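Colleague: Below you will find the structure I want to go over with you.
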Amino acid sequence: MTFRTTSQESTSMTVSRPSPRLAPRSVAVVLGTRPELVKLAPLVHALGPAARLVHTGQHWDEAMSGRFLRELSLPEPQVLTGVGGRPRAGQIAASLDQLDTAFTADRPAAVVVQGDTNATLAGALAANARGIPLVHVEAGLRSHDRAMPEEHNRVMVDHIADLLCAATPENAANLRAEGVDGRRIATTGNTVVEVVRAQLPGPAEQAALLDRHGLRADRYLLATVHRPENTDTAEALGAVLGALDELATTGLPVLLPLHPRTVAAAERFGLTRLLARLRVVEPLGYAEFLGLAGQAALLVSDSGGVQEECTVLGRPLLVVRRSTERPEAVDTGFAALVSPGADLAAAARARLAEGPTLLARLAAVPSPYGDGHAAERIARLTAELAAPSAAAARRIANPPS
Ligand code: UDP
């Protein structure tokens, strides 16, 4: 896969062009959840001393944030207060207010946000309110499901961002279809490719992980469930957990690192009996999760990030969702959308029946999410956005041939 802009889009996608120099701590990287920490890590490293992390505290605890900061060698963030645990509007309002104060006290040259969380929207609005150039990483995803707050967040951010880093040509096409000016869009790839390559444990560590969990390579399922559509009602959660419970009786263990939202929902709905046959564990650290996902016979998940990671790991995934904003993973054969309940159990049995043939087929398919250089591209484009005069001077000195 090559990464390039369309004829309308002005930014060049070569990796080798040098970046304008950025002042230390001049790019505010706003994040608030586990997937943002994961996917922004390569960009924070590419920005180097120019990056300054602001954590909204949307998921602020050791399991979902603290250990990810350490594992991914991220710098100490400024952490906002009173954001986590509030309803959506309260989270956005509390973050926005504090971000505005922070950006006024020490104005960044650019603000970077990623994805579709409340932190993403708050960071974008705060940049917009102060006229600070805004970069949206992972722009242009669309589930076309307006029941999802994430869909609203990503659409709003895309329409106010100054630089939209689309992971795939399909994402860029979604933006153009909504009338976004092509000069603001760059097709960069997704930073997930480089973070998976960097964090995936080596063979000896993978073998030790299997030992620790009492599992055998290609002989277990790994599941994650946390989206509101699967956890907000007893019926929905009962359907997913019921299918996983049924699969656990067919001989292969089902490992389920449980998200705090799902634990609370299972207790609230009296569904903890459906967990009895599953190997329920606390949320895993990133390298451990990747090491186990990379050896699972089958992944079952409603996570956005896992839909991308399975294409780098070469493992099959059943996506327990009504819709997906990541059709590339489905079109390349890594993932399939299934509804919870009987469909999920039947689809899992069918995929497992393909065994090594399916794994061999997937191993030959490249990830649709890029070549592992997305972060370098985004860092350079961010530097050009933050230092427009330097970029313009260089363009005059080196006109495109
Ligand atoms: N993940 C992890 N440990 C776990 C479960 C997931 O490190 O026990 C990682 C996973 O690899 C992915 C990210 O967390 O990179 C996904 O987070 P989540 O499902 O919370 O968010 P989403 O991707 O749906 O936005």
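Letters A, B, ... go to the chains of the structure tokens in the order shown; residues in each chain start at 1; ligands are counted from 1 in the same order.
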List the neighbours of region 148-154 of chain A out to 12 Å using only C-alpha atoms; skip same-chain residues closer than 5 positions along the sequence, and give me the result as a CSV table (one decimal) with all heavy atoms, in the first residue's frame.
Modeller:
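selection_21.csv, written as the output of this step:
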```csv
chain,number,residue,atom,x,y,z
A,87,PRO,N,-21.0,12.2,33.5
A,87,PRO,CA,-21.7,12.0,32.2
A,87,PRO,C,-20.9,12.7,31.1
A,87,PRO,O,-20.1,13.6,31.3
A,87,PRO,CB,-23.1,12.6,32.4
A,87,PRO,CG,-23.2,12.8,33.8
A,87,PRO,CD,-21.9,12.9,34.4
A,88,ARG,N,-21.3,12.4,29.8
A,88,ARG,CA,-20.5,12.9,28.7
A,88,ARG,C,-20.3,14.4,28.7
A,88,ARG,O,-19.2,15.0,28.5
A,88,ARG,CB,-21.1,12.4,27.4
A,88,ARG,CG,-20.4,12.9,26.1
A,88,ARG,CD,-20.9,12.1,24.9
A,88,ARG,NE,-20.3,12.6,23.7
A,88,ARG,CZ,-21.0,13.1,22.7
A,88,ARG,NH1,-22.3,13.3,22.8
A,88,ARG,NH2,-20.4,13.6,21.6
A,89,ALA,N,-21.5,15.1,28.8
A,89,ALA,CA,-21.4,16.6,28.7
A,89,ALA,C,-20.5,17.2,29.8
A,89,ALA,O,-19.8,18.1,29.6
A,89,ALA,CB,-22.8,17.2,28.8
A,92,ILE,N,-16.8,16.7,29.0
A,92,ILE,CA,-16.4,17.6,27.9
A,92,ILE,C,-16.2,19.0,28.5
A,92,ILE,O,-15.2,19.7,28.3
A,92,ILE,CB,-17.3,17.6,26.7
A,92,ILE,CG1,-17.3,16.2,26.1
A,92,ILE,CG2,-17.0,18.6,25.7
A,92,ILE,CD1,-18.4,15.9,25.1
A,113,VAL,N,-5.0,15.8,18.7
A,113,VAL,CA,-6.0,14.9,19.3
A,113,VAL,C,-6.1,13.7,18.4
A,113,VAL,O,-5.7,13.7,17.2
A,113,VAL,CB,-7.4,15.5,19.5
A,113,VAL,CG1,-7.3,16.7,20.5
A,113,VAL,CG2,-8.0,16.0,18.2
A,114,GLN,N,-6.6,12.6,19.0
A,114,GLN,CA,-6.7,11.3,18.2
A,114,GLN,C,-8.0,10.7,18.4
A,114,GLN,O,-8.5,10.6,19.6
A,114,GLN,CB,-5.6,10.4,18.8
A,114,GLN,CG,-5.3,9.1,18.0
A,114,GLN,CD,-6.2,7.9,18.4
A,114,GLN,OE1,-6.8,8.0,19.4
A,114,GLN,NE2,-6.4,7.0,17.5
A,115,GLY,N,-8.6,10.1,17.4
A,115,GLY,CA,-9.8,9.3,17.5
A,115,GLY,C,-11.1,10.0,17.8
A,115,GLY,O,-11.4,11.0,17.1
A,116,ASP,N,-11.8,9.5,18.8
A,116,ASP,CA,-13.3,9.8,18.8
A,116,ASP,C,-13.8,9.9,20.3
A,116,ASP,O,-15.0,9.7,20.5
A,116,ASP,CB,-14.1,8.8,18.1
A,116,ASP,CG,-13.8,7.4,18.5
A,116,ASP,OD1,-13.3,7.2,19.7
A,116,ASP,OD2,-13.9,6.5,17.7
A,117,THR,N,-12.9,10.1,21.3
A,117,THR,CA,-13.4,10.1,22.6
A,117,THR,C,-13.9,11.5,23.1
A,117,THR,O,-13.7,12.5,22.3
A,117,THR,CB,-12.3,9.7,23.6
A,117,THR,OG1,-11.3,10.7,23.6
A,117,THR,CG2,-11.6,8.4,23.2
A,118,ASN,N,-14.4,11.6,24.3
A,118,ASN,CA,-14.7,12.9,24.8
A,118,ASN,C,-13.5,13.8,25.0
A,118,ASN,O,-13.6,15.0,24.8
A,118,ASN,CB,-15.4,12.8,26.2
A,118,ASN,CG,-16.8,12.0,26.0
A,118,ASN,OD1,-17.3,12.0,24.9
A,118,ASN,ND2,-17.2,11.4,27.1
A,119,ALA,N,-12.4,13.2,25.3
A,119,ALA,CA,-11.1,13.9,25.4
A,119,ALA,C,-10.7,14.5,24.0
A,119,ALA,O,-10.2,15.7,23.9
A,119,ALA,CB,-10.0,13.0,25.9
A,120,THR,N,-11.0,13.7,23.0
A,120,THR,CA,-10.7,14.2,21.6
A,120,THR,C,-11.5,15.5,21.3
A,120,THR,O,-11.0,16.5,20.8
A,120,THR,CB,-11.1,13.1,20.6
A,120,THR,OG1,-10.6,11.8,21.0
A,120,THR,CG2,-10.5,13.4,19.2
A,121,LEU,N,-12.8,15.4,21.6
A,121,LEU,CA,-13.6,16.5,21.3
A,121,LEU,C,-13.3,17.7,22.2
A,121,LEU,O,-13.2,18.9,21.7
A,121,LEU,CB,-15.1,16.1,21.5
A,121,LEU,CG,-16.1,17.3,21.2
A,121,LEU,CD1,-16.0,17.8,19.8
A,121,LEU,CD2,-17.6,16.8,21.5
A,122,ALA,N,-13.0,17.5,23.5
A,122,ALA,CA,-12.7,18.6,24.3
A,122,ALA,C,-11.4,19.3,23.9
A,122,ALA,O,-11.3,20.5,23.8
A,122,ALA,CB,-12.5,18.1,25.8
A,123,GLY,N,-10.4,18.5,23.5
A,123,GLY,CA,-9.1,19.0,23.1
A,123,GLY,C,-9.3,19.9,21.8
A,123,GLY,O,-8.7,20.9,21.6
A,124,ALA,N,-10.1,19.3,20.9
A,124,ALA,CA,-10.4,20.0,19.6
A,124,ALA,C,-11.1,21.4,19.9
A,124,ALA,O,-10.7,22.4,19.3
A,124,ALA,CB,-11.2,19.1,18.7
A,125,LEU,N,-12.1,21.3,20.7
A,125,LEU,CA,-12.9,22.6,21.0
A,125,LEU,C,-12.0,23.6,21.7
A,125,LEU,O,-12.1,24.8,21.4
A,125,LEU,CB,-14.1,22.3,21.9
A,125,LEU,CG,-15.2,21.5,21.2
A,125,LEU,CD1,-16.3,21.1,22.2
A,125,LEU,CD2,-15.8,22.2,20.0
A,136,HIS,N,-5.9,16.3,13.8
A,136,HIS,CA,-6.7,15.2,14.2
A,136,HIS,C,-6.1,13.9,13.6
A,136,HIS,O,-6.1,13.7,12.4
A,136,HIS,CB,-8.2,15.3,13.7
A,136,HIS,CG,-9.1,14.2,14.2
A,136,HIS,ND1,-10.3,13.9,13.6
A,136,HIS,CD2,-9.0,13.4,15.3
A,136,HIS,CE1,-10.8,12.9,14.3
A,136,HIS,NE2,-10.0,12.6,15.3
A,137,VAL,N,-5.6,13.1,14.5
A,137,VAL,CA,-5.0,11.8,14.1
A,137,VAL,C,-6.1,10.8,14.0
A,137,VAL,O,-6.9,10.7,15.0
A,137,VAL,CB,-3.9,11.4,15.1
A,137,VAL,CG1,-3.4,10.0,14.8
A,137,VAL,CG2,-2.8,12.4,15.2
A,138,GLU,N,-6.2,9.9,13.0
A,138,GLU,CA,-7.2,8.9,12.8
A,138,GLU,C,-8.5,9.7,12.4
A,138,GLU,O,-9.6,9.4,12.9
A,138,GLU,CB,-7.4,8.1,14.0
A,138,GLU,CG,-7.8,6.7,13.6
A,138,GLU,CD,-7.9,5.7,14.8
A,138,GLU,OE1,-6.9,5.2,15.2
A,138,GLU,OE2,-9.0,5.6,15.4
A,139,ALA,N,-8.4,10.6,11.4
A,139,ALA,CA,-9.5,11.3,10.9
A,139,ALA,C,-10.3,10.5,9.9
A,139,ALA,O,-9.7,9.6,9.3
A,139,ALA,CB,-9.1,12.6,10.3
A,140,GLY,N,-11.5,10.8,9.7
A,140,GLY,CA,-12.3,10.2,8.6
A,140,GLY,C,-12.9,8.9,8.8
A,140,GLY,O,-13.5,8.3,7.9
A,141,LEU,N,-12.8,8.3,10.0
A,141,LEU,CA,-13.5,7.1,10.3
A,141,LEU,C,-15.0,7.4,10.4
A,141,LEU,O,-15.4,8.4,11.0
A,141,LEU,CB,-13.1,6.4,11.6
A,141,LEU,CG,-11.8,5.5,11.5
A,141,LEU,CD1,-10.6,6.3,11.2
A,141,LEU,CD2,-11.6,4.8,12.8
A,142,ARG,N,-15.8,6.5,9.8
A,142,ARG,CA,-17.3,6.7,9.9
A,142,ARG,C,-18.0,5.3,10.1
A,142,ARG,O,-17.8,4.4,9.2
A,142,ARG,CB,-17.8,7.3,8.6
A,142,ARG,CG,-17.4,8.8,8.4
A,142,ARG,CD,-17.9,9.8,9.4
A,142,ARG,NE,-17.5,11.1,9.1
A,142,ARG,CZ,-16.4,11.7,9.6
A,142,ARG,NH1,-15.6,11.0,10.5
A,142,ARG,NH2,-16.0,12.9,9.3
A,143,SER,N,-18.8,5.2,11.1
A,143,SER,CA,-19.6,4.0,11.3
A,143,SER,C,-21.0,4.3,10.7
A,143,SER,O,-21.7,3.3,10.4
A,143,SER,CB,-19.8,3.7,12.8
A,143,SER,OG,-20.6,4.7,13.4
A,159,HIS,N,-14.5,18.3,11.3
A,159,HIS,CA,-14.9,19.6,10.6
A,159,HIS,C,-14.3,20.8,11.2
A,159,HIS,O,-14.4,21.9,10.6
A,159,HIS,CB,-16.4,19.6,10.5
A,159,HIS,CG,-16.9,18.7,9.5
A,159,HIS,ND1,-17.2,19.1,8.2
A,159,HIS,CD2,-17.1,17.3,9.5
A,159,HIS,CE1,-17.6,18.0,7.5
A,159,HIS,NE2,-17.6,16.9,8.3
A,160,ILE,N,-13.6,20.7,12.3
A,160,ILE,CA,-12.9,21.9,12.8
A,160,ILE,C,-11.3,21.8,12.8
A,160,ILE,O,-10.6,22.8,13.0
A,160,ILE,CB,-13.3,22.4,14.2
A,160,ILE,CG1,-13.1,21.3,15.2
A,160,ILE,CG2,-14.8,22.8,14.2
A,160,ILE,CD1,-13.4,21.7,16.7
A,161,ALA,N,-10.8,20.6,12.5
A,161,ALA,CA,-9.4,20.4,12.5
A,161,ALA,C,-8.7,21.1,11.3
A,161,ALA,O,-9.4,21.2,10.2
A,161,ALA,CB,-9.1,18.9,12.5
A,164,LEU,N,-6.0,16.9,8.9
A,164,LEU,CA,-6.8,15.7,9.2
A,164,LEU,C,-5.9,14.5,8.7
A,164,LEU,O,-5.7,14.4,7.4
A,164,LEU,CB,-8.1,15.7,8.5
A,164,LEU,CG,-9.1,16.7,9.0
A,164,LEU,CD1,-9.1,18.0,8.1
A,164,LEU,CD2,-10.5,16.2,9.1
A,166,ALA,N,-5.7,11.1,7.9
A,166,ALA,CA,-6.6,9.9,7.6
A,166,ALA,C,-5.6,8.7,7.5
A,166,ALA,O,-4.6,8.7,6.9
A,166,ALA,CB,-7.3,10.1,6.2
A,171,ASN,N,-10.7,6.4,4.5
A,171,ASN,CA,-11.0,7.4,5.5
A,171,ASN,C,-10.9,8.8,4.8
A,171,ASN,O,-11.7,9.7,5.1
A,171,ASN,CB,-10.0,7.4,6.7
A,171,ASN,CG,-10.1,6.1,7.4
A,171,ASN,OD1,-9.1,5.7,8.1
A,171,ASN,ND2,-11.2,5.4,7.4
A,174,ASN,N,-14.0,9.4,2.8
A,174,ASN,CA,-15.2,9.8,3.7
A,174,ASN,C,-15.1,11.3,3.9
A,174,ASN,O,-16.2,11.9,4.0
A,174,ASN,CB,-15.1,9.1,5.1
A,174,ASN,CG,-15.4,7.6,5.0
A,174,ASN,OD1,-16.1,7.2,4.0
A,174,ASN,ND2,-15.0,6.8,6.0
A,175,LEU,N,-14.0,11.8,4.2
A,175,LEU,CA,-13.9,13.3,4.5
A,175,LEU,C,-14.2,14.1,3.3
A,175,LEU,O,-15.0,15.1,3.4
A,175,LEU,CB,-12.4,13.6,5.0
A,175,LEU,CG,-12.0,13.0,6.3
A,175,LEU,CD1,-10.5,13.1,6.5
A,175,LEU,CD2,-12.8,13.6,7.4
A,227,ARG,N,-18.2,-1.9,24.9
A,227,ARG,CA,-19.0,-0.8,24.3
A,227,ARG,C,-20.4,-0.7,24.9
A,227,ARG,O,-21.0,-1.8,25.2
A,227,ARG,CB,-19.2,-1.1,22.8
A,227,ARG,CG,-18.0,-1.1,22.0
A,227,ARG,CD,-17.9,0.1,21.1
A,227,ARG,NE,-16.5,0.3,20.8
A,227,ARG,CZ,-16.0,1.4,20.6
A,227,ARG,NH1,-16.7,2.5,20.7
A,227,ARG,NH2,-14.7,1.5,20.3
A,228,PRO,N,-20.9,0.5,25.0
A,228,PRO,CA,-22.3,0.6,25.5
A,228,PRO,C,-23.3,-0.3,24.8
A,228,PRO,O,-24.2,-0.9,25.5
A,228,PRO,CB,-22.6,2.1,25.2
A,228,PRO,CG,-21.3,2.8,25.2
A,228,PRO,CD,-20.3,1.8,24.7
A,229,GLU,N,-23.2,-0.5,23.5
A,229,GLU,CA,-24.2,-1.4,22.8
A,229,GLU,C,-24.2,-2.8,23.3
A,229,GLU,O,-25.2,-3.5,23.2
A,229,GLU,CB,-24.0,-1.3,21.3
A,229,GLU,CG,-22.8,-2.0,20.7
A,229,GLU,CD,-22.7,-1.8,19.2
A,229,GLU,OE1,-22.2,-0.7,18.8
A,229,GLU,OE2,-23.0,-2.8,18.4
A,304,GLY,N,-12.4,-0.8,19.0
A,304,GLY,CA,-11.9,-0.3,17.8
A,304,GLY,C,-10.4,-0.7,17.5
A,304,GLY,O,-10.1,-1.1,16.4
A,321,ARG,N,-20.5,-6.1,17.0
A,321,ARG,CA,-21.0,-4.7,16.8
A,321,ARG,C,-22.1,-4.7,15.8
A,321,ARG,O,-22.1,-5.5,14.9
A,321,ARG,CB,-19.9,-3.8,16.4
A,321,ARG,CG,-18.7,-3.6,17.4
A,321,ARG,CD,-18.9,-2.3,18.1
A,321,ARG,NE,-19.0,-1.2,17.2
A,321,ARG,CZ,-18.0,-0.4,16.7
A,321,ARG,NH1,-16.8,-0.7,17.1
A,321,ARG,NH2,-18.2,0.6,15.9
A,322,ARG,N,-22.9,-3.7,15.8
A,322,ARG,CA,-23.9,-3.5,14.8
A,322,ARG,C,-23.3,-2.9,13.5
A,322,ARG,O,-23.7,-3.1,12.4
A,322,ARG,CB,-24.9,-2.4,15.2
A,322,ARG,CG,-26.0,-2.8,16.2
A,322,ARG,CD,-27.0,-1.7,16.3
A,322,ARG,NE,-26.4,-0.5,16.8
A,322,ARG,CZ,-26.4,0.0,18.1
A,322,ARG,NH1,-27.1,-0.7,19.0
A,322,ARG,NH2,-25.8,1.1,18.4
A,323,SER,N,-22.2,-2.2,13.7
A,323,SER,CA,-21.6,-1.5,12.5
A,323,SER,C,-20.1,-1.3,12.8
A,323,SER,O,-19.7,-1.5,14.0
A,323,SER,CB,-22.2,-0.1,12.4
A,323,SER,OG,-21.9,0.7,13.6
A,324,THR,N,-19.3,-1.0,11.8
A,324,THR,CA,-17.9,-0.7,12.1
A,324,THR,C,-17.5,0.5,11.3
A,324,THR,O,-17.9,0.7,10.2
A,324,THR,CB,-17.0,-1.9,11.8
A,324,THR,OG1,-15.6,-1.6,12.1
A,324,THR,CG2,-17.0,-2.4,10.3
A,325,GLU,N,-16.6,1.2,11.9
A,325,GLU,CA,-16.0,2.4,11.2
A,325,GLU,C,-14.6,2.0,10.6
A,325,GLU,O,-13.9,2.8,10.1
A,325,GLU,CB,-15.8,3.6,12.2
A,325,GLU,CG,-15.0,3.3,13.4
A,325,GLU,CD,-15.7,2.3,14.4
A,325,GLU,OE1,-16.8,2.5,14.7
A,325,GLU,OE2,-15.0,1.4,14.8
```
Colleague: Select the residues contacting ligand 1 at a distance of at most 6 Å, based on only C-alpha atoms and all ligand atoms, then format the selection as a PyMOL selection string.
Modeller: chain A and resi 34-35+38+257+283-286+289+303-306
Colleague: Keeping only all heavy atoms, write those residues as a compact mmCIF listing (two decimals), in the first residue's frame.
Modeller:
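Written file, again.txt:
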```txt
# COMPACT_ATOMS: atom_id res chain seq x y z
N ARG A 34 -7.23 4.76 27.26
CA ARG A 34 -6.23 3.74 26.89
C ARG A 34 -5.90 3.73 25.39
O ARG A 34 -4.71 3.77 25.03
CB ARG A 34 -6.79 2.39 27.36
CG ARG A 34 -6.01 1.19 26.99
CD ARG A 34 -6.54 -0.04 27.70
NE ARG A 34 -7.83 -0.50 27.19
CZ ARG A 34 -8.47 -1.57 27.60
NH1 ARG A 34 -7.96 -2.32 28.57
NH2 ARG A 34 -9.63 -1.93 27.10
N PRO A 35 -6.91 3.67 24.49
CA PRO A 35 -6.52 3.60 23.08
C PRO A 35 -5.77 4.84 22.59
O PRO A 35 -4.94 4.76 21.69
CB PRO A 35 -7.85 3.43 22.33
CG PRO A 35 -8.90 3.80 23.30
CD PRO A 35 -8.36 3.51 24.66
N VAL A 38 -2.15 4.42 23.57
CA VAL A 38 -1.50 3.43 22.70
C VAL A 38 -1.15 4.07 21.36
O VAL A 38 -0.01 4.02 20.89
CB VAL A 38 -2.43 2.21 22.51
CG1 VAL A 38 -1.95 1.33 21.36
CG2 VAL A 38 -2.53 1.40 23.81
N PRO A 257 -10.15 -10.50 29.46
CA PRO A 257 -9.72 -9.40 30.33
C PRO A 257 -10.89 -8.41 30.44
O PRO A 257 -11.32 -7.85 29.44
CB PRO A 257 -8.54 -8.77 29.57
CG PRO A 257 -8.33 -9.59 28.34
CD PRO A 257 -9.55 -10.43 28.12
N PRO A 283 -7.94 -6.18 33.34
CA PRO A 283 -7.39 -5.66 32.08
C PRO A 283 -5.88 -5.87 32.04
O PRO A 283 -5.19 -5.71 33.05
CB PRO A 283 -7.73 -4.16 32.14
CG PRO A 283 -8.89 -4.07 33.07
CD PRO A 283 -8.73 -5.19 34.07
N LEU A 284 -5.36 -6.25 30.87
CA LEU A 284 -3.94 -6.59 30.74
C LEU A 284 -3.14 -5.37 30.30
O LEU A 284 -3.68 -4.46 29.64
CB LEU A 284 -3.77 -7.69 29.70
CG LEU A 284 -4.53 -9.00 29.97
CD1 LEU A 284 -4.50 -9.89 28.74
CD2 LEU A 284 -3.91 -9.71 31.17
N GLY A 285 -1.85 -5.39 30.60
CA GLY A 285 -0.93 -4.38 30.05
C GLY A 285 -0.86 -4.57 28.54
O GLY A 285 -1.27 -5.63 28.01
N TYR A 286 -0.31 -3.58 27.83
CA TYR A 286 -0.39 -3.61 26.37
C TYR A 286 0.43 -4.75 25.76
O TYR A 286 -0.07 -5.49 24.92
CB TYR A 286 0.04 -2.25 25.80
CG TYR A 286 -0.28 -2.13 24.34
CD1 TYR A 286 -1.57 -2.37 23.87
CD2 TYR A 286 0.70 -1.80 23.41
CE1 TYR A 286 -1.87 -2.27 22.52
CE2 TYR A 286 0.40 -1.69 22.06
CZ TYR A 286 -0.89 -1.93 21.63
OH TYR A 286 -1.19 -1.83 20.28
N PHE A 289 -1.21 -8.03 26.41
CA PHE A 289 -2.41 -8.21 25.57
C PHE A 289 -2.00 -8.59 24.15
O PHE A 289 -2.54 -9.53 23.56
CB PHE A 289 -3.27 -6.94 25.57
CG PHE A 289 -4.54 -7.12 24.79
CD1 PHE A 289 -5.64 -7.74 25.37
CD2 PHE A 289 -4.63 -6.72 23.47
CE1 PHE A 289 -6.80 -7.96 24.64
CE2 PHE A 289 -5.79 -6.93 22.73
CZ PHE A 289 -6.89 -7.55 23.32
N SER A 303 -13.89 -3.77 20.40
CA SER A 303 -12.95 -2.66 20.48
C SER A 303 -12.57 -2.15 19.09
O SER A 303 -12.45 -2.93 18.14
CB SER A 303 -11.70 -3.15 21.21
OG SER A 303 -10.58 -2.39 20.86
N GLY A 304 -12.35 -0.84 19.01
CA GLY A 304 -11.88 -0.26 17.76
C GLY A 304 -10.44 -0.66 17.50
O GLY A 304 -10.09 -1.14 16.41
N GLY A 305 -9.58 -0.47 18.52
CA GLY A 305 -8.16 -0.73 18.34
C GLY A 305 -7.88 -2.18 17.97
O GLY A 305 -7.01 -2.46 17.13
N VAL A 306 -8.62 -3.11 18.55
CA VAL A 306 -8.36 -4.53 18.27
C VAL A 306 -8.65 -4.86 16.80
O VAL A 306 -8.00 -5.71 16.19
CB VAL A 306 -9.14 -5.43 19.25
CG1 VAL A 306 -8.97 -6.91 18.90
CG2 VAL A 306 -8.69 -5.18 20.69
```
Colleague: When you count only C-alpha atoms, which of these residues is closest to Ile132 (chain A): A:Ala335, A:Ala93, A:Ala386, A:Leu317?
Modeller: A:Ala386
Colleague: Once you count only C-alpha atoms, what closest atom pair and distance in Å to one decimal does each residue of region 231-324 of chain A within 8 Å of region 344-349 of chain A have, with rows by chain and rising residue number, as CSV?
Modeller:
```
residue,atom,partner,partner_atom,distance
A:Val240,CA,A:Leu344,CA,7.7
A:Ala243,CA,A:Ala345,CA,5.3
A:Leu244,CA,A:Ala345,CA,7.2
A:Glu246,CA,A:Ala345,CA,7.1
A:Leu247,CA,A:Ala345,CA,6.3
A:Leu298,CA,A:Ala348,CA,7.6
A:Leu318,CA,A:Ala348,CA,7.3
A:Val320,CA,A:Leu344,CA,7.4
```
Colleague: Write a file of the just-selected residues containing N, CA and C atoms, as a PDB file, in the first residue's frame.
Modeller:
```pdb
ATOM      1  N   VAL A 240     -23.906 -11.562  24.667  1.00  0.00           N
ATOM      2  CA  VAL A 240     -22.463 -11.745  24.395  1.00  0.00           C
ATOM      3  C   VAL A 240     -21.871 -12.750  25.373  1.00  0.00           C
ATOM      4  N   ALA A 243     -22.936 -16.305  24.682  1.00  0.00           N
ATOM      5  CA  ALA A 243     -22.239 -16.936  23.549  1.00  0.00           C
ATOM      6  C   ALA A 243     -20.820 -17.335  23.952  1.00  0.00           C
ATOM      7  N   LEU A 244     -20.134 -16.479  24.714  1.00  0.00           N
ATOM      8  CA  LEU A 244     -18.768 -16.822  25.151  1.00  0.00           C
ATOM      9  C   LEU A 244     -18.812 -18.041  26.074  1.00  0.00           C
ATOM     10  N   GLU A 246     -21.029 -20.419  26.015  1.00  0.00           N
ATOM     11  CA  GLU A 246     -21.266 -21.606  25.174  1.00  0.00           C
ATOM     12  C   GLU A 246     -19.967 -22.042  24.490  1.00  0.00           C
ATOM     13  N   LEU A 247     -19.185 -21.068  23.990  1.00  0.00           N
ATOM     14  CA  LEU A 247     -17.922 -21.410  23.314  1.00  0.00           C
ATOM     15  C   LEU A 247     -16.931 -22.057  24.282  1.00  0.00           C
ATOM     16  N   LEU A 298      -8.653 -17.315  17.935  1.00  0.00           N
ATOM     17  CA  LEU A 298      -9.699 -16.398  17.486  1.00  0.00           C
ATOM     18  C   LEU A 298      -9.840 -15.269  18.499  1.00  0.00           C
ATOM     19  N   LEU A 318     -13.739 -11.686  15.373  1.00  0.00           N
ATOM     20  CA  LEU A 318     -15.181 -11.455  15.220  1.00  0.00           C
ATOM     21  C   LEU A 318     -15.502 -10.160  15.949  1.00  0.00           C
ATOM     22  N   VAL A 320     -18.076  -7.826  17.577  1.00  0.00           N
ATOM     23  CA  VAL A 320     -19.433  -7.932  18.112  1.00  0.00           C
ATOM     24  C   VAL A 320     -20.042  -6.533  18.136  1.00  0.00           C
TER      25      VAL A 320
END
```
Colleague: Work out how far apart CA of Val300 (chain A) and CA of Arg326 (chain A) are and give it in Å to one decimal.
Modeller: 15.3 Å
Colleague: DSSP on the backbone: what in region 53-265 of chain A comes out alpha helix (DSSP H), as a PyMOL selection string?
Modeller: chain A and resi 67-71+88-105+118-129+149-160+169-177+192-199+203-213+228-231+234-248+260-265
Colleague: Using only C-alpha atoms, can you tell me which of A:Leu215, A:Leu40, A:Val225, A:Val112 comes closest to Leu252 (chain A)?
Modeller: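 Between A:Leu215, A:Leu40, A:Val225, A:Val112, the residue approaching Leu252 (chain A) most closely is A:Leu215.
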Colleague: For CA of Pro75 (chain A) and CA of Leu381 (chain A), quote the distance in Å rounded to one decimal.
Modeller: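 Separation of CA of Pro75 (chain A) and CA of Leu381 (chain A): 21.5 Å.
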Colleague: For region 263-272 of chain A, list every protein, DNA or RNA residue within 10 Å, evaluated using only C-alpha atoms, and leave out those in the same chain fewer than 6 positions away; present the list as a list in words.
Modeller: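 Surrounding residues, per the criterion: Val225, His226, Pro228, Asn230, Thr231, Asp232, Thr233, Ala234, Glu235, Leu237, Gly238, Leu241, Gly242 and Glu282 of chain A.
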Colleague: Next, the residues of the selection above should be written as a CSV table (one decimal), in the first residue's frame with C-alpha atoms.
Modeller:
```csv
chain,number,residue,atom,x,y,z
A,225,VAL,CA,-16.3,-6.4,25.6
A,226,HIS,CA,-16.9,-2.9,26.7
A,228,PRO,CA,-22.3,0.6,25.5
A,230,ASN,CA,-23.0,-4.6,24.5
A,231,THR,CA,-23.1,-3.5,28.2
A,232,ASP,CA,-25.9,-1.0,28.6
A,233,THR,CA,-28.7,-3.6,28.8
A,234,ALA,CA,-29.0,-7.0,30.5
A,235,GLU,CA,-30.2,-8.5,27.2
A,237,LEU,CA,-24.6,-8.2,27.8
A,238,GLY,CA,-26.4,-11.5,28.4
A,241,LEU,CA,-21.5,-13.5,27.7
A,242,GLY,CA,-23.9,-16.3,26.9
A,282,GLU,CA,-8.1,-7.9,35.1
```
Colleague: Taking the DSSP secondary structure from the backbone, can you list the residues of region 69-165 of chain A that are strand (DSSP E or B), as a list in words?
Modeller: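 The strand (DSSP E or B) residues within region 69-165 of chain A come out as Gln78, Val79, Ala110, Val111, Val112, Val113, Gln114, Leu134, Val135, His136, Val137, Glu138, Ala139, Leu163, Leu164 and Cys165 of chain A.
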Colleague: Report the distance between CA of Leu385 (chain A) and CA of Asp162 (chain A) in Å, rounded to one decimal place.
Modeller: 8.3 Å
Colleague: In terms of the shortest atom-to-atom distance over only C-alpha atoms, which of A:Val193, A:Val280, A:Cys165, A:Val155 is closest to His213 (chain A)?
Modeller: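 Nearest candidate to His213 (chain A) out of A:Val193, A:Val280, A:Cys165, A:Val155: A:Val280.
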Colleague: For Leu222 (chain A), which residue out of A:Leu53, A:Leu292, A:Leu69, A:Ala350 is the nearest one, using only C-alpha atoms?
Modeller: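 Checking each of A:Leu53, A:Leu292, A:Leu69, A:Ala350 against Leu222 (chain A), counting only C-alpha atoms, the winner is A:Leu292.
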